[in-house]
Structures are given as C-alpha cells and as structure tokens.
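Visitor: Take a look at input.txt, compact mmCIF, N, CA and C atoms and all ligand atoms:
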```txt
# COMPACT_ATOMS: atom_id res chain seq x y z
N MET A 4 12.65 -1.98 -18.36
CA MET A 4 12.46 -1.16 -17.15
C MET A 4 11.16 -0.38 -17.29
N ALA A 5 10.26 -0.57 -16.37
CA ALA A 5 8.98 0.13 -16.41
C ALA A 5 9.17 1.60 -16.09
N VAL A 6 8.49 2.42 -16.82
CA VAL A 6 8.56 3.86 -16.59
C VAL A 6 7.18 4.33 -16.13
N MET A 7 7.14 5.01 -14.99
CA MET A 7 5.87 5.54 -14.50
C MET A 7 5.46 6.70 -15.39
N THR A 8 4.17 6.72 -15.73
CA THR A 8 3.71 7.77 -16.62
C THR A 8 3.60 9.11 -15.91
N HIS A 9 3.29 9.06 -14.61
CA HIS A 9 3.18 10.31 -13.84
C HIS A 9 4.46 10.46 -13.02
N THR A 10 5.36 11.27 -13.50
CA THR A 10 6.66 11.37 -12.85
C THR A 10 6.58 12.00 -11.47
N GLN A 11 5.48 12.70 -11.18
CA GLN A 11 5.39 13.33 -9.87
C GLN A 11 4.93 12.35 -8.80
N ASN A 12 4.52 11.15 -9.22
CA ASN A 12 4.00 10.20 -8.27
C ASN A 12 5.08 9.64 -7.36
N ARG A 13 4.66 9.20 -6.19
CA ARG A 13 5.52 8.50 -5.28
C ARG A 13 5.81 7.12 -5.86
N PRO A 14 6.93 6.50 -5.46
CA PRO A 14 7.28 5.21 -6.05
C PRO A 14 6.31 4.11 -5.64
N SER A 15 6.14 3.15 -6.53
CA SER A 15 5.41 1.94 -6.18
C SER A 15 6.15 0.77 -6.81
N VAL A 16 5.94 -0.42 -6.27
CA VAL A 16 6.60 -1.60 -6.81
C VAL A 16 5.54 -2.66 -7.11
N ASP A 17 5.94 -3.62 -7.94
CA ASP A 17 5.04 -4.72 -8.31
C ASP A 17 5.27 -5.87 -7.34
N TYR A 18 4.20 -6.26 -6.63
CA TYR A 18 4.29 -7.35 -5.66
C TYR A 18 4.89 -8.61 -6.29
N ARG A 19 4.56 -8.85 -7.55
CA ARG A 19 5.03 -10.06 -8.22
C ARG A 19 6.52 -10.03 -8.49
N ASP A 20 7.14 -8.84 -8.41
CA ASP A 20 8.58 -8.75 -8.62
C ASP A 20 9.36 -9.13 -7.36
N LEU A 21 8.67 -9.22 -6.23
CA LEU A 21 9.34 -9.59 -4.98
C LEU A 21 9.50 -11.11 -4.92
N THR A 22 10.51 -11.56 -4.20
CA THR A 22 10.69 -13.01 -4.05
C THR A 22 9.57 -13.56 -3.17
N PRO A 23 9.26 -14.85 -3.30
CA PRO A 23 8.21 -15.44 -2.45
C PRO A 23 8.48 -15.22 -0.97
N ALA A 24 9.73 -15.32 -0.54
CA ALA A 24 10.06 -15.10 0.87
C ALA A 24 9.76 -13.67 1.28
N THR A 25 10.09 -12.73 0.41
CA THR A 25 9.83 -11.32 0.70
C THR A 25 8.33 -11.05 0.71
N GLN A 26 7.60 -11.65 -0.22
CA GLN A 26 6.14 -11.49 -0.24
C GLN A 26 5.53 -11.96 1.07
N GLN A 27 6.00 -13.11 1.55
CA GLN A 27 5.45 -13.69 2.77
C GLN A 27 5.75 -12.79 3.97
N ARG A 28 6.98 -12.30 4.06
CA ARG A 28 7.33 -11.41 5.18
C ARG A 28 6.54 -10.12 5.11
N LEU A 29 6.41 -9.60 3.91
CA LEU A 29 5.67 -8.35 3.74
C LEU A 29 4.22 -8.52 4.20
N ASP A 30 3.61 -9.63 3.82
CA ASP A 30 2.22 -9.87 4.22
C ASP A 30 2.09 -10.07 5.72
N GLN A 31 3.08 -10.75 6.31
CA GLN A 31 3.05 -10.96 7.76
C GLN A 31 3.13 -9.62 8.49
N ILE A 32 4.02 -8.76 8.04
CA ILE A 32 4.18 -7.46 8.70
C ILE A 32 2.93 -6.60 8.51
N LEU A 33 2.37 -6.64 7.31
CA LEU A 33 1.15 -5.86 7.07
C LEU A 33 0.01 -6.35 7.97
N GLU A 34 -0.05 -7.66 8.18
CA GLU A 34 -1.11 -8.20 9.03
C GLU A 34 -0.92 -7.74 10.48
N ARG A 35 0.33 -7.74 10.94
CA ARG A 35 0.59 -7.25 12.29
C ARG A 35 0.24 -5.77 12.40
N ALA A 36 0.62 -5.01 11.38
CA ALA A 36 0.32 -3.58 11.39
C ALA A 36 -1.19 -3.34 11.41
N ASP A 37 -1.92 -4.21 10.74
CA ASP A 37 -3.36 -4.06 10.67
C ASP A 37 -4.00 -4.28 12.05
N ASN A 38 -3.36 -5.08 12.87
CA ASN A 38 -3.97 -5.49 14.13
C ASN A 38 -3.37 -4.86 15.38
N THR A 39 -2.26 -4.17 15.25
CA THR A 39 -1.66 -3.59 16.45
C THR A 39 -2.49 -2.42 16.96
N SER A 40 -2.45 -2.21 18.28
CA SER A 40 -3.13 -1.05 18.84
C SER A 40 -2.13 0.02 19.25
N ASP A 41 -0.87 -0.21 18.91
CA ASP A 41 0.21 0.70 19.33
C ASP A 41 0.69 1.49 18.12
N ALA A 42 0.55 2.81 18.18
CA ALA A 42 0.91 3.65 17.03
C ALA A 42 2.40 3.57 16.72
N GLY A 43 3.22 3.48 17.76
CA GLY A 43 4.66 3.38 17.53
C GLY A 43 5.03 2.10 16.83
N GLU A 44 4.38 1.00 17.27
CA GLU A 44 4.64 -0.28 16.61
C GLU A 44 4.15 -0.23 15.16
N TYR A 45 3.01 0.38 14.96
CA TYR A 45 2.47 0.50 13.60
C TYR A 45 3.46 1.21 12.69
N ASN A 46 3.99 2.33 13.16
CA ASN A 46 4.94 3.09 12.35
C ASN A 46 6.22 2.30 12.08
N SER A 47 6.66 1.54 13.10
CA SER A 47 7.86 0.72 12.92
C SER A 47 7.61 -0.38 11.91
N LEU A 48 6.44 -1.02 12.01
CA LEU A 48 6.11 -2.08 11.07
C LEU A 48 6.03 -1.53 9.65
N MET A 49 5.50 -0.33 9.51
CA MET A 49 5.41 0.28 8.19
C MET A 49 6.80 0.53 7.60
N LEU A 50 7.74 0.92 8.46
CA LEU A 50 9.12 1.10 7.97
C LEU A 50 9.68 -0.24 7.49
N GLY A 51 9.29 -1.33 8.19
CA GLY A 51 9.72 -2.66 7.78
C GLY A 51 9.15 -3.04 6.43
N VAL A 52 7.88 -2.75 6.23
CA VAL A 52 7.24 -3.03 4.94
C VAL A 52 7.94 -2.24 3.84
N ALA A 53 8.21 -0.98 4.13
CA ALA A 53 8.84 -0.11 3.14
C ALA A 53 10.22 -0.64 2.76
N ALA A 54 10.98 -1.11 3.77
CA ALA A 54 12.32 -1.63 3.50
C ALA A 54 12.24 -2.88 2.64
N LEU A 55 11.29 -3.77 2.96
CA LEU A 55 11.13 -5.00 2.18
C LEU A 55 10.76 -4.68 0.73
N ALA A 56 9.88 -3.71 0.56
CA ALA A 56 9.41 -3.37 -0.78
C ALA A 56 10.41 -2.51 -1.53
N GLY A 57 11.34 -1.90 -0.80
CA GLY A 57 12.30 -1.02 -1.45
C GLY A 57 11.74 0.36 -1.72
N ILE A 58 10.75 0.75 -0.90
CA ILE A 58 10.14 2.07 -1.02
C ILE A 58 10.60 2.92 0.16
N ASP A 59 11.05 4.10 -0.13
CA ASP A 59 11.60 4.98 0.89
C ASP A 59 10.50 5.87 1.47
N ILE A 60 10.13 5.65 2.74
CA ILE A 60 9.13 6.50 3.38
C ILE A 60 9.71 7.12 4.64
N ALA A 61 9.08 8.20 5.07
CA ALA A 61 9.46 8.82 6.34
C ALA A 61 8.75 8.09 7.48
N TYR A 62 9.29 8.22 8.71
CA TYR A 62 8.62 7.66 9.87
C TYR A 62 7.23 8.25 9.97
N GLY A 63 6.23 7.38 10.14
CA GLY A 63 4.85 7.86 10.15
C GLY A 63 4.16 7.66 8.82
N GLY A 64 4.93 7.33 7.79
CA GLY A 64 4.35 7.06 6.48
C GLY A 64 3.80 5.65 6.41
N GLU A 65 3.16 5.34 5.31
CA GLU A 65 2.55 4.03 5.13
C GLU A 65 2.84 3.48 3.74
N VAL A 66 3.10 2.18 3.69
CA VAL A 66 3.19 1.47 2.42
C VAL A 66 2.08 0.43 2.41
N LEU A 67 1.27 0.44 1.37
CA LEU A 67 0.09 -0.42 1.30
C LEU A 67 0.11 -1.29 0.06
N ARG A 68 -0.59 -2.42 0.14
CA ARG A 68 -0.90 -3.17 -1.08
C ARG A 68 -2.22 -2.63 -1.60
N CYS A 69 -2.30 -2.50 -2.92
CA CYS A 69 -3.52 -2.01 -3.52
C CYS A 69 -4.68 -2.95 -3.20
N SER A 70 -5.80 -2.39 -2.73
CA SER A 70 -6.96 -3.20 -2.35
C SER A 70 -8.01 -3.25 -3.45
N CYS A 71 -7.63 -2.83 -4.63
CA CYS A 71 -8.58 -2.75 -5.73
C CYS A 71 -9.12 -4.12 -6.12
N THR A 72 -10.36 -4.16 -6.59
CA THR A 72 -10.99 -5.42 -6.99
C THR A 72 -10.37 -6.03 -8.24
N CYS A 73 -9.53 -5.30 -8.94
CA CYS A 73 -8.91 -5.85 -10.14
C CYS A 73 -7.70 -6.74 -9.80
N VAL A 74 -7.50 -7.01 -8.51
CA VAL A 74 -6.40 -7.84 -8.05
C VAL A 74 -5.07 -7.28 -8.58
N CYS A 75 -4.86 -6.06 -8.25
CA CYS A 75 -3.71 -5.30 -8.67
C CYS A 75 -2.48 -5.67 -7.83
N PRO A 76 -1.31 -5.80 -8.44
CA PRO A 76 -0.12 -6.20 -7.70
C PRO A 76 0.66 -5.04 -7.10
N ALA A 77 0.13 -3.83 -7.15
CA ALA A 77 0.91 -2.67 -6.73
C ALA A 77 1.10 -2.63 -5.21
N VAL A 78 2.33 -2.32 -4.80
CA VAL A 78 2.65 -1.97 -3.42
C VAL A 78 3.10 -0.53 -3.49
N PHE A 79 2.39 0.37 -2.80
CA PHE A 79 2.62 1.79 -3.06
C PHE A 79 2.70 2.61 -1.78
N ASP A 80 3.29 3.79 -1.93
CA ASP A 80 3.43 4.75 -0.84
C ASP A 80 2.09 5.47 -0.67
N ASN A 81 1.50 5.33 0.52
CA ASN A 81 0.17 5.93 0.73
C ASN A 81 0.21 7.46 0.74
N ALA A 82 1.39 8.04 0.76
CA ALA A 82 1.51 9.50 0.69
C ALA A 82 1.23 10.01 -0.72
N ASP A 83 1.11 9.10 -1.67
CA ASP A 83 0.83 9.53 -3.04
C ASP A 83 -0.52 10.23 -3.10
N PRO A 84 -0.55 11.46 -3.58
CA PRO A 84 -1.81 12.22 -3.58
C PRO A 84 -2.85 11.63 -4.51
N ASP A 85 -2.44 10.76 -5.44
CA ASP A 85 -3.40 10.18 -6.39
C ASP A 85 -4.00 8.86 -5.91
N ALA A 86 -3.54 8.35 -4.77
CA ALA A 86 -4.17 7.14 -4.22
C ALA A 86 -5.57 7.50 -3.75
N ARG A 87 -6.46 6.50 -3.69
CA ARG A 87 -7.86 6.77 -3.44
C ARG A 87 -8.42 5.77 -2.44
N THR A 88 -9.21 6.26 -1.47
CA THR A 88 -9.83 5.38 -0.50
C THR A 88 -10.99 4.63 -1.13
N ILE A 89 -11.02 3.30 -0.93
CA ILE A 89 -12.10 2.48 -1.47
C ILE A 89 -13.25 2.40 -0.46
N GLU A 90 -12.90 2.09 0.79
CA GLU A 90 -13.91 2.05 1.83
C GLU A 90 -13.24 2.26 3.18
N GLU A 91 -14.04 2.60 4.20
CA GLU A 91 -13.49 2.76 5.54
C GLU A 91 -13.08 1.39 6.08
N SER A 92 -11.91 1.34 6.72
CA SER A 92 -11.42 0.08 7.26
C SER A 92 -11.85 -0.02 8.72
N CYS A 93 -13.08 -0.38 8.94
CA CYS A 93 -13.66 -0.40 10.29
C CYS A 93 -12.93 -1.40 11.19
N GLY A 94 -12.36 -0.90 12.27
CA GLY A 94 -11.74 -1.77 13.26
C GLY A 94 -10.33 -2.19 12.93
N PHE A 95 -9.83 -1.84 11.74
CA PHE A 95 -8.47 -2.19 11.38
C PHE A 95 -7.66 -0.93 11.12
N ASN A 96 -6.34 -1.10 11.11
CA ASN A 96 -5.46 0.05 10.95
C ASN A 96 -5.20 0.42 9.50
N LEU A 97 -5.05 -0.60 8.67
CA LEU A 97 -4.62 -0.33 7.30
C LEU A 97 -5.73 0.31 6.49
N PRO A 98 -5.46 1.44 5.88
CA PRO A 98 -6.45 2.04 4.99
C PRO A 98 -6.70 1.12 3.79
N ILE A 99 -7.95 1.07 3.34
CA ILE A 99 -8.30 0.28 2.15
C ILE A 99 -8.29 1.23 0.98
N ARG A 100 -7.20 1.15 0.18
CA ARG A 100 -6.93 2.17 -0.82
C ARG A 100 -6.62 1.56 -2.18
N GLN A 101 -6.91 2.33 -3.20
CA GLN A 101 -6.47 2.01 -4.54
C GLN A 101 -5.14 2.69 -4.80
N CYS A 102 -4.26 2.01 -5.56
CA CYS A 102 -3.02 2.65 -5.96
C CYS A 102 -3.35 3.72 -7.01
N PRO A 103 -2.44 4.65 -7.24
CA PRO A 103 -2.73 5.75 -8.18
C PRO A 103 -3.16 5.31 -9.58
N PRO A 104 -2.49 4.32 -10.22
CA PRO A 104 -2.96 3.92 -11.56
C PRO A 104 -4.39 3.38 -11.53
N CYS A 105 -4.75 2.61 -10.49
CA CYS A 105 -6.12 2.10 -10.38
C CYS A 105 -7.10 3.25 -10.16
N ALA A 106 -6.73 4.19 -9.30
CA ALA A 106 -7.60 5.33 -9.04
C ALA A 106 -7.82 6.14 -10.31
N ASP A 107 -6.82 6.10 -11.19
CA ASP A 107 -6.92 6.82 -12.45
C ASP A 107 -7.79 6.06 -13.45
N ARG A 108 -7.62 4.74 -13.52
CA ARG A 108 -8.26 3.94 -14.57
C ARG A 108 -9.70 3.56 -14.21
N HIS A 109 -9.92 3.18 -12.95
CA HIS A 109 -11.28 2.75 -12.55
C HIS A 109 -11.49 3.14 -11.11
N PRO A 110 -11.69 4.43 -10.85
CA PRO A 110 -11.81 4.91 -9.47
C PRO A 110 -12.99 4.30 -8.73
N ALA A 111 -12.77 3.98 -7.47
CA ALA A 111 -13.86 3.50 -6.63
C ALA A 111 -14.87 4.62 -6.45
N PRO A 112 -16.14 4.26 -6.27
CA PRO A 112 -17.16 5.30 -6.08
C PRO A 112 -16.86 6.13 -4.83
N ASP A 113 -17.30 7.37 -4.84
CA ASP A 113 -17.11 8.21 -3.67
C ASP A 113 -17.81 7.63 -2.46
N LEU A 114 -17.20 7.84 -1.29
CA LEU A 114 -17.76 7.26 -0.07
C LEU A 114 -19.04 7.98 0.33
N ASP A 115 -19.18 9.23 -0.05
CA ASP A 115 -20.35 9.98 0.41
C ASP A 115 -21.28 10.29 -0.72
ZN ZN B 201 -3.93 -0.88 -8.02
ZN ZN B 202 -7.55 -1.70 -9.96
```
Hey, can you dump this file as structure tokens for me?
Ligand SMILES: [Zn+2]
Ligand SMILES: [Zn+2]

Guide:
Amino acid sequence: MAVMTHTQNRPSVDYRDLTPATQQRLDQILERADNTSDAGEYNSLMLGVAALAGIDIAYGGEVLRCSCTCVCPAVFDNADPDARTIEESCGFNLPIRQCPPCADRHPAPDLD
C-alpha cells in the first residue's frame, strides 16, 4: 500500500492502477470536459472523472491527469495547494498542471 509522504495533500491515484475500461472512460470524459463551453456540464463531467478515479471532490472541483513531461501516471485533485501550473491552456478548459510530487521534484518554470 503506497503511503503519501505529505499527509496534508489531497488524494491522488495512479492511472495505471485503473482498469483499461476505466482509463478509456476517464479519458473520454476529460476530453469532453476540455471542449465543453457549458460550466455546468464541465462541473458534472468533473464529478464523473472523480467518481471513476475514486477521488472525492466537491461540485466545482477538478480532477486532472498530470501533464508533466515525465509522463507521470498521477490523477489528482486540482484543489491540492501543491499542484503547479505548467502553462496556460489557451482555448481549452482543462488546466495544464503538474501533480504535487512532480511540482516538488521537478517544478515547471514560472510562467512570468
Ligand atoms: Zn506528476
Ligand atoms: Zn513529472
């Protein structure tokens, strides 16, 4: 059983621990969330992603796959204060973020 080193962190899961069917559904929902122009639909889709991943978020929260260049398998709660923005997601909804362990180990350069 993996133990998170920072106990104050929000939960995250390993994408590779999900079944292939769950991975596929999760990616499909994330893609829809990325492209929807409806905030209500976005929030609903995020709840779907959270349920698939087994991460408990509030309505309005976000669950993201880590966008780090190290091809990280983390699926994490974007409310985690240690997550870090990699770049602005121009024209899309999903923030491009590093999961907390990646932000700790090899943080993306500051945007400004
Ligand atoms: Zn990561
Ligand atoms: Zn990384």

Visitor: Would you compute the distance between atom CA of Ala111 of chain A and atom N of Ile58 of chain A? Give it in Å to one decimal.

Guide: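 Distance between the two atoms: 25.4 Å.
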
Visitor: Counting only C-alpha atoms and all ligand atoms, which residues of chain A sit at most 9 Å from some atom of ligand ZN 201 (chain B), and what is each one's closest atom pair with its distance in Å to one decimal, listed by chain and rising residue number, as a Markdown table?

Guide:
```
| residue | atom | partner | partner_atom | distance |
| --- | --- | --- | --- | --- |
| A:Arg68 | CA | B:ZN201 | ZN | 7.9 |
| A:Cys69 | CA | B:ZN201 | ZN | 4.7 |
| A:Ser70 | CA | B:ZN201 | ZN | 6.8 |
| A:Cys71 | CA | B:ZN201 | ZN | 5.5 |
| A:Thr72 | CA | B:ZN201 | ZN | 8.5 |
| A:Cys73 | CA | B:ZN201 | ZN | 7.3 |
| A:Val74 | CA | B:ZN201 | ZN | 7.4 |
| A:Cys75 | CA | B:ZN201 | ZN | 4.5 |
| A:Pro76 | CA | B:ZN201 | ZN | 6.6 |
| A:Ala77 | CA | B:ZN201 | ZN | 5.3 |
| A:Val78 | CA | B:ZN201 | ZN | 8.1 |
| A:Phe79 | CA | B:ZN201 | ZN | 8.6 |
| A:Ala86 | CA | B:ZN201 | ZN | 8.9 |
| A:Arg100 | CA | B:ZN201 | ZN | 8.4 |
| A:Gln101 | CA | B:ZN201 | ZN | 5.2 |
| A:Cys102 | CA | B:ZN201 | ZN | 4.2 |
| A:Pro103 | CA | B:ZN201 | ZN | 6.7 |
| A:Pro104 | CA | B:ZN201 | ZN | 6.0 |
| A:Cys105 | CA | B:ZN201 | ZN | 4.4 |
| A:Ala106 | CA | B:ZN201 | ZN | 7.3 |
```

Visitor: Leaving out segment 46-49 of chain A and any residue of its chain fewer than 6 positions from it, which residues lie within 7 Å of it when counting only C-alpha atoms, given as a ChimeraX atom specification?

Guide: /A:32,36,62-63,65-66

Visitor: Just asking: which residues within segment 40-102 of chain A are helix (DSSP H, G or I) according to DSSP, as an MDAnalysis selection string?

Guide: chainID A and resid 42:56

Visitor: Take the residues from that selection and write them out as a PDB file, keeping the file's coordinate frame, keeping N, CA and C atoms.

Guide:
```
ATOM      1  N   ALA A  42       0.550   2.810  18.180  1.00  0.00           N
ATOM      2  CA  ALA A  42       0.910   3.650  17.030  1.00  0.00           C
ATOM      3  C   ALA A  42       2.400   3.570  16.720  1.00  0.00           C
ATOM      4  N   GLY A  43       3.220   3.480  17.760  1.00  0.00           N
ATOM      5  CA  GLY A  43       4.660   3.380  17.530  1.00  0.00           C
ATOM      6  C   GLY A  43       5.030   2.100  16.830  1.00  0.00           C
ATOM      7  N   GLU A  44       4.380   1.000  17.270  1.00  0.00           N
ATOM      8  CA  GLU A  44       4.640  -0.280  16.610  1.00  0.00           C
ATOM      9  C   GLU A  44       4.150  -0.230  15.160  1.00  0.00           C
ATOM     10  N   TYR A  45       3.010   0.380  14.960  1.00  0.00           N
ATOM     11  CA  TYR A  45       2.470   0.500  13.600  1.00  0.00           C
ATOM     12  C   TYR A  45       3.460   1.210  12.690  1.00  0.00           C
ATOM     13  N   ASN A  46       3.990   2.330  13.160  1.00  0.00           N
ATOM     14  CA  ASN A  46       4.940   3.090  12.350  1.00  0.00           C
ATOM     15  C   ASN A  46       6.220   2.300  12.080  1.00  0.00           C
ATOM     16  N   SER A  47       6.660   1.540  13.100  1.00  0.00           N
ATOM     17  CA  SER A  47       7.860   0.720  12.920  1.00  0.00           C
ATOM     18  C   SER A  47       7.610  -0.380  11.910  1.00  0.00           C
ATOM     19  N   LEU A  48       6.440  -1.020  12.010  1.00  0.00           N
ATOM     20  CA  LEU A  48       6.110  -2.080  11.070  1.00  0.00           C
ATOM     21  C   LEU A  48       6.030  -1.530   9.650  1.00  0.00           C
ATOM     22  N   MET A  49       5.500  -0.330   9.510  1.00  0.00           N
ATOM     23  CA  MET A  49       5.410   0.280   8.190  1.00  0.00           C
ATOM     24  C   MET A  49       6.800   0.530   7.600  1.00  0.00           C
ATOM     25  N   LEU A  50       7.740   0.920   8.460  1.00  0.00           N
ATOM     26  CA  LEU A  50       9.120   1.100   7.970  1.00  0.00           C
ATOM     27  C   LEU A  50       9.680  -0.240   7.490  1.00  0.00           C
ATOM     28  N   GLY A  51       9.290  -1.330   8.190  1.00  0.00           N
ATOM     29  CA  GLY A  51       9.720  -2.660   7.780  1.00  0.00           C
ATOM     30  C   GLY A  51       9.150  -3.040   6.430  1.00  0.00           C
ATOM     31  N   VAL A  52       7.880  -2.750   6.230  1.00  0.00           N
ATOM     32  CA  VAL A  52       7.240  -3.030   4.940  1.00  0.00           C
ATOM     33  C   VAL A  52       7.940  -2.240   3.840  1.00  0.00           C
ATOM     34  N   ALA A  53       8.210  -0.980   4.130  1.00  0.00           N
ATOM     35  CA  ALA A  53       8.840  -0.110   3.140  1.00  0.00           C
ATOM     36  C   ALA A  53      10.220  -0.640   2.760  1.00  0.00           C
ATOM     37  N   ALA A  54      10.980  -1.110   3.770  1.00  0.00           N
ATOM     38  CA  ALA A  54      12.320  -1.630   3.500  1.00  0.00           C
ATOM     39  C   ALA A  54      12.240  -2.880   2.640  1.00  0.00           C
ATOM     40  N   LEU A  55      11.290  -3.770   2.960  1.00  0.00           N
ATOM     41  CA  LEU A  55      11.130  -5.000   2.180  1.00  0.00           C
ATOM     42  C   LEU A  55      10.760  -4.680   0.730  1.00  0.00           C
ATOM     43  N   ALA A  56       9.880  -3.710   0.560  1.00  0.00           N
ATOM     44  CA  ALA A  56       9.410  -3.370  -0.780  1.00  0.00           C
ATOM     45  C   ALA A  56      10.410  -2.510  -1.530  1.00  0.00           C
TER      46      ALA A  56
END
```

Visitor: Around (8.9, 1.9, -7.9), as given in the file, which residues come within 8 Å? Count all atoms listed in the file and list them as a list in words.

Guide: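 Every residue inside that radius is included here: Met7, Arg13, Pro14, Ser15, Val16, Asp17, Ala56, Gly57, Ile58, Val78 and Phe79 of chain A.
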
Visitor: Atom N of Asn38 of chain A and atom N of His109 of chain A are how many Å apart?

Guide: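 Separation of atom N of Asn38 of chain A and atom N of His109 of chain A: 27.9 Å.
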
Visitor: So the first atom is atom CA of Gly64 of chain A and the second is atom N of Asp113 of chain A; what is the distance between them in Å, to one decimal place?

Guide: 24.4 Å

Visitor: Find, counting only N, CA and C atoms, the residue in A:Asp37, A:Pro110, A:Arg28, A:Arg19 that gets nearest to Asn96 of chain A.

Guide: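 Using only N, CA and C atoms, the shortest distance to Asn96 of chain A belongs to A:Asp37.
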
Visitor: Would you mind completing segment 59-67 of chain A to all heavy atoms and writing the output as a compact mmCIF listing (two decimals), keeping the file's coordinate frame?

Guide:
```txt
# COMPACT_ATOMS: atom_id res chain seq x y z
N ASP A 59 11.05 4.10 -0.13
CA ASP A 59 11.60 4.98 0.89
C ASP A 59 10.50 5.87 1.47
O ASP A 59 9.96 6.72 0.77
CB ASP A 59 12.71 5.84 0.26
CG ASP A 59 13.44 6.66 1.30
OD1 ASP A 59 13.51 6.23 2.47
OD2 ASP A 59 13.93 7.74 0.95
N ILE A 60 10.13 5.65 2.74
CA ILE A 60 9.13 6.50 3.38
C ILE A 60 9.71 7.12 4.64
O ILE A 60 10.67 6.62 5.21
CB ILE A 60 7.83 5.73 3.74
CG1 ILE A 60 8.12 4.62 4.75
CG2 ILE A 60 7.15 5.20 2.50
CD1 ILE A 60 6.87 4.01 5.37
N ALA A 61 9.08 8.20 5.07
CA ALA A 61 9.46 8.82 6.34
C ALA A 61 8.75 8.09 7.48
O ALA A 61 7.73 7.42 7.28
CB ALA A 61 9.06 10.29 6.34
N TYR A 62 9.29 8.22 8.71
CA TYR A 62 8.62 7.66 9.87
C TYR A 62 7.23 8.25 9.97
O TYR A 62 7.05 9.47 9.88
CB TYR A 62 9.43 7.97 11.14
CG TYR A 62 8.84 7.35 12.39
CD1 TYR A 62 9.10 6.01 12.70
CD2 TYR A 62 8.04 8.09 13.24
CE1 TYR A 62 8.55 5.43 13.84
CE2 TYR A 62 7.50 7.52 14.38
CZ TYR A 62 7.75 6.20 14.67
OH TYR A 62 7.21 5.63 15.80
N GLY A 63 6.23 7.38 10.14
CA GLY A 63 4.85 7.86 10.15
C GLY A 63 4.16 7.66 8.82
O GLY A 63 2.95 7.84 8.72
N GLY A 64 4.93 7.33 7.79
CA GLY A 64 4.35 7.06 6.48
C GLY A 64 3.80 5.65 6.41
O GLY A 64 3.95 4.86 7.34
N GLU A 65 3.16 5.34 5.31
CA GLU A 65 2.55 4.03 5.13
C GLU A 65 2.84 3.48 3.74
O GLU A 65 2.83 4.22 2.76
CB GLU A 65 1.02 4.12 5.28
CG GLU A 65 0.55 4.50 6.67
CD GLU A 65 -0.94 4.77 6.71
OE1 GLU A 65 -1.39 5.68 5.98
OE2 GLU A 65 -1.65 4.07 7.45
N VAL A 66 3.10 2.18 3.69
CA VAL A 66 3.19 1.47 2.42
C VAL A 66 2.08 0.43 2.41
O VAL A 66 1.95 -0.34 3.35
CB VAL A 66 4.57 0.81 2.24
CG1 VAL A 66 4.58 -0.11 1.02
CG2 VAL A 66 5.65 1.87 2.09
N LEU A 67 1.27 0.44 1.37
CA LEU A 67 0.09 -0.42 1.30
C LEU A 67 0.11 -1.29 0.06
O LEU A 67 0.71 -0.92 -0.95
CB LEU A 67 -1.18 0.44 1.25
CG LEU A 67 -1.40 1.43 2.38
CD1 LEU A 67 -2.63 2.28 2.07
CD2 LEU A 67 -1.56 0.72 3.71
```
